[in-house]
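Structure file coords-v1.cif (mmCIF, C-alpha atoms) is printed below.
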data_query
loop_
_atom_site.label_atom_id
_atom_site.label_comp_id
_atom_site.auth_asym_id
_atom_site.auth_seq_id
_atom_site.Cartn_x
_atom_site.Cartn_y
_atom_site.Cartn_z
CA MET O 1 4.82 7.12 -28.05
CA TRP O 2 5.44 4.59 -25.26
CA GLU O 3 4.62 4.76 -21.59
CA PRO O 4 5.29 6.52 -19.26
CA ARG O 5 5.25 9.59 -21.54
CA GLY O 6 2.70 8.32 -24.02
CA HIS O 7 0.36 5.38 -24.53
CA ARG O 8 -0.38 2.65 -27.05
CA ASP O 9 -2.63 4.84 -29.21
CA MET O 10 -0.48 7.98 -29.25
CA TYR O 11 0.61 9.26 -32.65
CA GLY O 12 3.17 11.95 -33.49
CA GLY O 13 5.46 13.47 -36.04
CA TRP O 14 8.99 14.83 -36.39
CA ILE O 15 9.08 18.17 -38.25
CA GLY O 16 12.17 18.76 -40.38
CA GLY O 17 13.51 20.84 -43.23
CA PRO O 18 12.08 20.55 -46.75
CA VAL O 19 13.25 17.87 -49.19
CA ALA O 20 11.65 19.01 -52.45
CA PRO O 21 12.86 22.44 -53.65
CA ASP O 22 9.34 23.95 -53.51
CA SER O 23 8.32 22.41 -50.15
CA ASP O 24 7.94 24.31 -46.87
CA PHE O 25 8.97 21.53 -44.49
CA SER O 26 8.94 17.76 -44.06
CA ILE O 27 7.34 15.47 -41.50
CA LEU O 28 8.11 11.91 -40.42
CA PHE O 29 5.14 10.31 -38.67
CA THR O 30 5.68 7.96 -35.74
CA HIS O 31 3.54 5.54 -33.72
CA ASN O 32 3.90 2.66 -31.28
CA GLU O 33 5.53 0.35 -33.86
CA GLY O 34 7.84 2.79 -35.60
CA TYR O 35 7.15 5.06 -38.55
CA SER O 36 4.43 5.46 -41.18
CA THR O 37 4.65 6.55 -44.79
CA MET O 38 1.81 9.09 -44.72
CA CYS O 39 -0.92 10.25 -42.33
CA GLY O 40 -3.98 12.34 -43.18
CA HIS O 41 -4.98 13.39 -39.69
CA GLY O 42 -1.30 14.12 -39.05
CA ILE O 43 -1.19 16.51 -42.04
CA ILE O 44 -4.32 18.30 -40.81
CA ALA O 45 -2.89 18.53 -37.27
CA VAL O 46 0.58 19.73 -38.24
CA THR O 47 -0.94 22.37 -40.55
CA LYS O 48 -2.95 23.68 -37.60
CA VAL O 49 0.09 23.62 -35.30
CA VAL O 50 2.68 25.32 -37.51
CA LEU O 51 0.29 28.12 -38.48
CA ASP O 52 -1.50 28.78 -35.19
CA THR O 53 1.78 28.79 -33.22
CA GLY O 54 3.55 31.06 -35.71
CA MET O 55 6.13 28.50 -36.86
CA MET O 56 5.05 29.28 -40.44
CA ALA O 57 3.60 32.53 -41.78
CA MET O 58 -0.19 32.72 -42.07
CA SER O 59 -2.09 34.57 -44.78
CA THR O 60 -5.84 35.26 -45.05
CA PRO O 61 -8.26 33.90 -46.23
CA GLU O 62 -6.22 30.75 -46.83
CA THR O 63 -2.66 29.53 -46.50
CA THR O 64 -1.06 26.86 -48.68
CA LEU O 65 1.72 24.60 -47.39
CA ARG O 66 3.74 22.03 -49.30
CA ILE O 67 4.76 19.22 -46.99
CA ASP O 68 7.21 16.41 -47.76
CA THR O 69 6.24 12.95 -46.45
CA PRO O 70 7.83 9.53 -47.12
CA ALA O 71 4.99 8.89 -49.60
CA GLY O 72 5.60 12.14 -51.48
CA GLN O 73 4.74 15.84 -51.37
CA VAL O 74 1.33 16.74 -49.96
CA ILE O 75 -0.29 20.13 -50.62
CA SER O 76 -2.23 21.39 -47.60
CA VAL O 77 -4.58 24.41 -47.61
CA ALA O 78 -5.81 26.00 -44.38
CA ASP O 79 -8.92 28.16 -44.22
CA ILE O 80 -8.10 31.11 -41.94
CA ILE O 81 -10.87 32.74 -39.88
CA ASP O 82 -10.21 35.38 -37.19
CA GLY O 83 -6.48 34.73 -37.29
CA ALA O 84 -6.65 30.97 -36.73
CA VAL O 85 -6.91 27.78 -38.78
CA ALA O 86 -10.58 26.81 -38.98
CA ARG O 87 -10.39 23.87 -41.40
CA VAL O 88 -7.74 22.11 -43.46
CA ARG O 89 -7.93 20.35 -46.79
CA PHE O 90 -5.04 18.59 -48.44
CA ARG O 91 -4.42 17.04 -51.84
CA ASN O 92 -3.03 13.62 -51.08
CA VAL O 93 -0.64 11.46 -53.05
CA ALA O 94 -2.18 9.44 -55.88
CA SER O 95 -4.25 6.58 -54.47
CA PHE O 96 -5.26 3.33 -56.11
CA VAL O 97 -6.89 -0.07 -55.72
CA ASP O 98 -4.62 -3.09 -55.65
CA SER O 99 -7.34 -5.77 -55.64
CA LEU O 100 -11.03 -6.28 -54.88
CA ASP O 101 -13.02 -9.00 -53.12
CA ASN O 102 -10.12 -11.06 -51.81
CA VAL O 103 -11.04 -13.88 -49.42
CA ILE O 104 -8.75 -15.13 -46.67
CA GLU O 105 -9.21 -17.58 -43.81
CA VAL O 106 -8.33 -15.88 -40.53
CA ASP O 107 -7.66 -17.83 -37.34
CA GLY O 108 -10.38 -17.16 -34.79
CA VAL O 109 -12.43 -15.09 -37.26
CA GLY O 110 -13.24 -17.30 -40.25
CA ALA O 111 -13.47 -16.37 -43.91
CA VAL O 112 -12.88 -12.65 -44.41
CA THR O 113 -13.54 -10.75 -47.64
CA TYR O 114 -11.39 -7.65 -48.09
CA ASP O 115 -10.29 -5.08 -50.63
CA LEU O 116 -6.68 -3.90 -50.77
CA ALA O 117 -6.08 -0.22 -51.57
CA PHE O 118 -3.32 2.38 -51.21
CA GLY O 119 -3.96 5.94 -50.01
CA GLY O 120 -0.44 6.81 -48.89
CA ALA O 121 -0.26 3.43 -47.12
CA TYR O 122 -1.79 0.03 -47.85
CA TYR O 123 -4.95 -1.02 -46.02
CA ALA O 124 -7.18 -4.09 -46.06
CA TYR O 125 -10.78 -2.84 -46.17
CA VAL O 126 -13.32 -5.08 -44.44
CA ASP O 127 -17.11 -4.81 -44.12
CA ALA O 128 -17.60 -4.96 -40.34
CA PRO O 129 -21.26 -6.16 -40.21
CA SER O 130 -20.35 -9.13 -42.43
CA LEU O 131 -18.15 -10.38 -39.58
CA GLY O 132 -20.87 -9.93 -36.99
CA ILE O 133 -19.13 -6.90 -35.43
CA THR O 134 -21.53 -4.69 -33.48
CA TRP O 135 -22.07 -1.48 -35.44
CA PRO O 136 -21.66 1.35 -34.70
CA PRO O 137 -18.61 0.01 -32.86
CA THR O 138 -18.54 0.17 -29.07
CA ASP O 139 -15.84 -2.39 -28.23
CA SER O 140 -12.47 -1.09 -29.43
CA LEU O 141 -10.62 -4.06 -27.85
CA ALA O 142 -12.60 -6.48 -30.02
CA LEU O 143 -11.74 -4.41 -33.10
CA VAL O 144 -8.06 -4.50 -32.14
CA ASP O 145 -8.19 -8.28 -31.79
CA TYR O 146 -9.88 -8.72 -35.18
CA GLY O 147 -7.60 -6.13 -36.79
CA ARG O 148 -4.43 -7.81 -35.57
CA ARG O 149 -5.59 -11.24 -36.71
CA ILE O 150 -6.64 -10.03 -40.15
CA LYS O 151 -3.51 -7.92 -40.65
CA ARG O 152 -1.26 -10.82 -39.69
CA ALA O 153 -3.09 -13.26 -42.01
CA VAL O 154 -3.08 -10.89 -45.00
CA ALA O 155 0.57 -9.89 -44.47
CA GLU O 156 1.65 -13.53 -44.29
CA GLU O 157 -0.27 -14.53 -47.42
CA LEU O 158 0.17 -11.47 -49.61
CA ASP O 159 3.41 -10.10 -51.04
CA ILE O 160 2.59 -6.43 -51.60
CA HIS O 161 4.52 -4.50 -54.27
CA HIS O 162 4.06 -0.76 -54.73
CA PRO O 163 4.34 0.03 -58.48
CA GLU O 164 7.03 2.70 -57.99
CA HIS O 165 8.49 2.59 -54.48
CA ALA O 166 9.49 -0.73 -52.93
CA ASP O 167 9.69 0.69 -49.40
CA LEU O 168 5.95 1.50 -49.48
CA GLY O 169 5.00 -2.13 -50.20
CA PHE O 170 3.67 -3.34 -46.85
CA LEU O 171 0.30 -3.67 -45.13
CA TYR O 172 -0.11 -0.81 -42.68
CA GLY O 173 -3.53 -1.56 -41.22
CA VAL O 174 -7.08 -2.89 -41.44
CA ILE O 175 -10.07 -0.59 -41.93
CA PHE O 176 -13.47 -1.77 -40.76
CA SER O 177 -16.43 -0.06 -42.43
CA GLY O 178 -20.17 -0.02 -41.88
CA PRO O 179 -23.25 2.21 -42.11
CA PRO O 180 -22.94 5.80 -40.85
CA VAL O 181 -24.67 7.11 -37.75
CA ASP O 182 -25.61 10.30 -39.62
CA PRO O 183 -27.69 9.18 -42.62
CA HIS O 184 -26.32 12.10 -44.66
CA ASN O 185 -22.83 10.59 -44.51
CA HIS O 186 -21.37 7.80 -46.60
CA MET O 187 -20.08 5.44 -43.92
CA ARG O 188 -18.42 5.07 -40.51
CA ASN O 189 -15.05 3.36 -40.39
CA VAL O 190 -12.39 2.41 -37.83
CA CYS O 191 -8.73 1.92 -38.67
CA VAL O 192 -6.59 -0.52 -36.66
CA PHE O 193 -2.94 -0.01 -37.60
CA ALA O 194 0.65 -0.44 -36.40
CA ASP O 195 0.70 -2.68 -33.31
CA GLY O 196 -3.04 -2.70 -32.57
CA GLU O 197 -3.38 1.10 -32.55
CA VAL O 198 -6.90 2.53 -33.02
CA ASP O 199 -7.28 5.75 -35.01
CA ARG O 200 -9.67 8.24 -33.39
CA SER O 201 -9.97 10.11 -36.69
CA PRO O 202 -11.63 8.79 -39.86
CA THR O 203 -8.05 8.22 -41.20
CA GLY O 204 -7.11 10.53 -44.07
CA THR O 205 -5.07 7.95 -45.96
CA GLY O 206 -7.87 5.45 -45.35
CA VAL O 207 -10.48 7.82 -46.75
CA SER O 208 -8.20 8.32 -49.77
CA GLY O 209 -8.30 4.56 -50.29
CA HIS O 210 -12.09 4.65 -49.95
CA VAL O 211 -12.23 7.22 -52.77
CA ALA O 212 -10.15 4.91 -54.98
CA LEU O 213 -12.43 1.98 -54.13
CA GLU O 214 -15.59 3.96 -54.89
CA VAL O 215 -14.16 5.00 -58.26
CA ALA O 216 -13.17 1.41 -59.05
CA ARG O 217 -16.74 0.28 -58.33
CA GLY O 218 -18.21 3.05 -60.50
CA ASN O 219 -19.71 5.00 -57.61
CA MET O 220 -17.76 8.28 -57.93
CA ALA O 221 -16.91 10.72 -60.71
CA LEU O 222 -14.72 13.82 -60.78
CA GLY O 223 -15.98 16.35 -58.24
CA ASP O 224 -17.95 13.82 -56.21
CA ARG O 225 -17.29 13.54 -52.49
CA ILE O 226 -17.89 11.19 -49.59
CA VAL O 227 -18.10 11.96 -45.86
CA VAL O 228 -16.64 9.32 -43.54
CA GLU O 229 -17.20 9.17 -39.77
CA SER O 230 -14.68 8.00 -37.17
CA ILE O 231 -15.22 5.80 -34.12
CA VAL O 232 -15.83 8.97 -32.05
CA GLY O 233 -18.04 10.65 -34.66
CA SER O 234 -15.60 13.16 -36.19
CA GLU O 235 -15.78 13.52 -39.98
CA PHE O 236 -13.44 13.75 -42.96
CA THR O 237 -14.60 14.66 -46.45
CA GLY O 238 -12.97 12.94 -49.41
CA THR O 239 -13.33 14.57 -52.84
CA LEU O 240 -12.21 13.14 -56.18
CA VAL O 241 -10.26 16.04 -57.73
CA ASP O 242 -8.25 14.32 -60.47
CA LEU O 243 -7.26 11.05 -62.11
CA ALA O 244 -3.69 9.78 -62.36
CA ARG O 245 -1.50 6.75 -62.87
CA VAL O 246 0.98 5.13 -60.51
CA GLY O 247 3.17 2.83 -62.54
CA ASP O 248 0.77 0.58 -64.41
CA ARG O 249 -2.12 1.35 -62.03
CA GLU O 250 -5.04 3.65 -62.66
CA ALA O 251 -5.16 6.02 -59.71
CA VAL O 252 -7.11 8.92 -58.25
CA VAL O 253 -6.05 12.17 -56.63
CA PRO O 254 -8.18 12.68 -53.51
CA GLU O 255 -8.61 15.85 -51.48
CA ILE O 256 -9.26 15.23 -47.79
CA ALA O 257 -10.76 17.87 -45.49
CA GLY O 258 -11.18 17.98 -41.73
CA ARG O 259 -10.43 19.88 -38.52
CA ALA O 260 -7.84 19.72 -35.75
CA HIS O 261 -7.44 21.41 -32.38
CA ILE O 262 -4.37 22.12 -30.27
CA THR O 263 -4.94 20.51 -26.87
CA ALA O 264 -1.65 20.89 -25.00
CA ARG O 265 2.03 21.76 -25.09
CA ALA O 266 4.41 19.33 -23.38
CA GLU O 267 8.11 18.83 -22.78
CA PHE O 268 9.42 15.27 -22.52
CA TRP O 269 12.46 14.38 -20.39
CA PHE O 270 14.71 11.32 -20.76
CA ASP O 271 16.82 10.57 -17.71
CA PRO O 272 19.90 8.41 -18.55
CA GLU O 273 19.59 6.90 -15.06
CA ASP O 274 16.01 5.77 -15.68
CA GLU O 275 15.99 1.99 -16.07
CA LEU O 276 12.66 2.22 -17.93
CA SER O 277 13.97 4.67 -20.53
CA PRO O 278 13.13 5.07 -23.39
CA GLY O 279 9.76 3.56 -22.50
CA PHE O 280 7.60 0.48 -22.65
CA LEU O 281 4.23 -0.93 -23.73
CA LEU O 282 2.36 -3.41 -21.58
CA PRO O 283 1.16 -6.46 -23.57
#

Using the file provided, produce a representation of the structure as structure tokens.
Amino acid sequence: MWEPRGHRDMYGGWIGGPVAPDSDFSILFTHNEGYSTMCGHGIIAVTKVVLDTGMMAMSTPETTLRIDTPAGQVISVADIIDGAVARVRFRNVASFVDSLDNVIEVDGVGAVTYDLAFGGAYYAYVDAPSLGITWPPTDSLALVDYGRRIKRAVAEELDIHHPEHADLGFLYGVIFSGPPVDPHNHMRNVCVFADGEVDRSPTGTGVSGHVALEVARGNMALGDRIVVESIVGSEFTGTLVDLARVGDREAVVPEIAGRAHITARAEFWFDPEDELSPGFLLP
């Protein structure tokens, strides 16, 4: 994920053997700061990769995969057209709202109102226009600066406890939301996570959290869906498919749908004589 092989915003995953007895394989997601508990766009991408490259058997008109992640098993379904994956939808882990309308004072930003929700990872959800952020966003560096400041302030003030798994209890990122560019869609959002990394997708775990937030505010019922745009205009659909509980929390089961494309195949080399190995990130 680091230079010279990668870059600050690169994201990846290690594919391994299954953990659950009925799973097909497992994946451990990685980014510039380490590892993440769950990743929606990563699930969509790895489904495309393992089927289109023949790593896993493909069946028409759809193929179901059960994938183990640190947050739990995720069921992914690929729509197959002309022998290739055309679209992927996956049923995510149960997602829930931790708290609504929190207010925190952030150095260099001011008073920030945010919601805290879990969609496979914890995010602080912030209304971007309320902070005076230009929308739709054009300055990703400004978003990174705001995201880092807000994440640091929330993480320092808030002691997050997942109801069932202690190792999931940490703030993964900040999601800025605002009006969509396409009026038929629900919103546009941008996720700043890890060490100032910007997600180019709408963020599958983030959209899962959005579904939980919309249900908590009485804006969604079973079968309803929202369409969320990314910073580059790609779209994920989030559908409320079931209700659940996580510990003492009321939760939702979201289904996230989107597309992925294979863009390259690479082989990385690590020279033991290279003084810059295993890599670096410029501040």

- Interatomic distance between CA of Val154 in chain O and CA of Tyr122 in chain O? 11.4 Å

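Considering the residues O:Val85, O:Ala20, O:Met55, O:Ile160 and counting only C-alpha atoms, Ala260 in chain O has its shortest atom-to-atom contact with O:Val85.
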
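If only C-alpha atoms are the atoms counted, then among O:Asp248, O:Val207, O:Thr263, O:Glu33 the closest residue to His7 in chain O is O:Glu33.
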
Neighbouring residues of Ala117 in chain O were defined as those with any atom within 12 Å, considering only C-alpha atoms; residues of the same chain fewer than 5 positions away were excluded. Please report them as an mmCIF file with C-alpha atoms, in the coordinates of the input.
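Output file out.cif is given in full below:
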data_model
loop_
_atom_site.group_PDB
_atom_site.id
_atom_site.type_symbol
_atom_site.label_atom_id
_atom_site.label_comp_id
_atom_site.auth_asym_id
_atom_site.auth_seq_id
_atom_site.Cartn_x
_atom_site.Cartn_y
_atom_site.Cartn_z
ATOM 1 C CA ALA O 94 -2.180 9.440 -55.880
ATOM 2 C CA SER O 95 -4.250 6.580 -54.470
ATOM 3 C CA PHE O 96 -5.260 3.330 -56.110
ATOM 4 C CA VAL O 97 -6.890 -0.070 -55.720
ATOM 5 C CA ASP O 98 -4.620 -3.090 -55.650
ATOM 6 C CA SER O 99 -7.340 -5.770 -55.640
ATOM 7 C CA LEU O 100 -11.030 -6.280 -54.880
ATOM 8 C CA ASP O 101 -13.020 -9.000 -53.120
ATOM 9 C CA ASN O 102 -10.120 -11.060 -51.810
ATOM 10 C CA TYR O 122 -1.790 0.030 -47.850
ATOM 11 C CA TYR O 123 -4.950 -1.020 -46.020
ATOM 12 C CA ALA O 124 -7.180 -4.090 -46.060
ATOM 13 C CA TYR O 125 -10.780 -2.840 -46.170
ATOM 14 C CA VAL O 126 -13.320 -5.080 -44.440
ATOM 15 C CA ILE O 160 2.590 -6.430 -51.600
ATOM 16 C CA HIS O 161 4.520 -4.500 -54.270
ATOM 17 C CA HIS O 162 4.060 -0.760 -54.730
ATOM 18 C CA GLY O 169 5.000 -2.130 -50.200
ATOM 19 C CA PHE O 170 3.670 -3.340 -46.850
ATOM 20 C CA LEU O 171 0.300 -3.670 -45.130
ATOM 21 C CA TYR O 172 -0.110 -0.810 -42.680
ATOM 22 C CA GLY O 173 -3.530 -1.560 -41.220
ATOM 23 C CA VAL O 174 -7.080 -2.890 -41.440
ATOM 24 C CA ILE O 175 -10.070 -0.590 -41.930
ATOM 25 C CA THR O 205 -5.070 7.950 -45.960
ATOM 26 C CA GLY O 206 -7.870 5.450 -45.350
ATOM 27 C CA VAL O 207 -10.480 7.820 -46.750
ATOM 28 C CA SER O 208 -8.200 8.320 -49.770
ATOM 29 C CA GLY O 209 -8.300 4.560 -50.290
ATOM 30 C CA HIS O 210 -12.090 4.650 -49.950
ATOM 31 C CA VAL O 211 -12.230 7.220 -52.770
ATOM 32 C CA ALA O 212 -10.150 4.910 -54.980
ATOM 33 C CA LEU O 213 -12.430 1.980 -54.130
ATOM 34 C CA GLU O 214 -15.590 3.960 -54.890
ATOM 35 C CA VAL O 215 -14.160 5.000 -58.260
ATOM 36 C CA ALA O 216 -13.170 1.410 -59.050
ATOM 37 C CA ARG O 249 -2.120 1.350 -62.030
ATOM 38 C CA GLU O 250 -5.040 3.650 -62.660
ATOM 39 C CA ALA O 251 -5.160 6.020 -59.710
ATOM 40 C CA VAL O 252 -7.110 8.920 -58.250
#

- Query: What residues come out when you apply the PyMOL selection byres ((chain O and resi 194-198) around 10) to this file, written as a ChimeraX atom specification?
  - Reply: /O:7-11,30-36,140-141,143-149,151,171-175,190-193,199-201,231

- Task: Could you check how far CA of Ser76 in chain O sits from CA of Arg91 in chain O, in Å to one decimal?
- Result: 6.5 Å
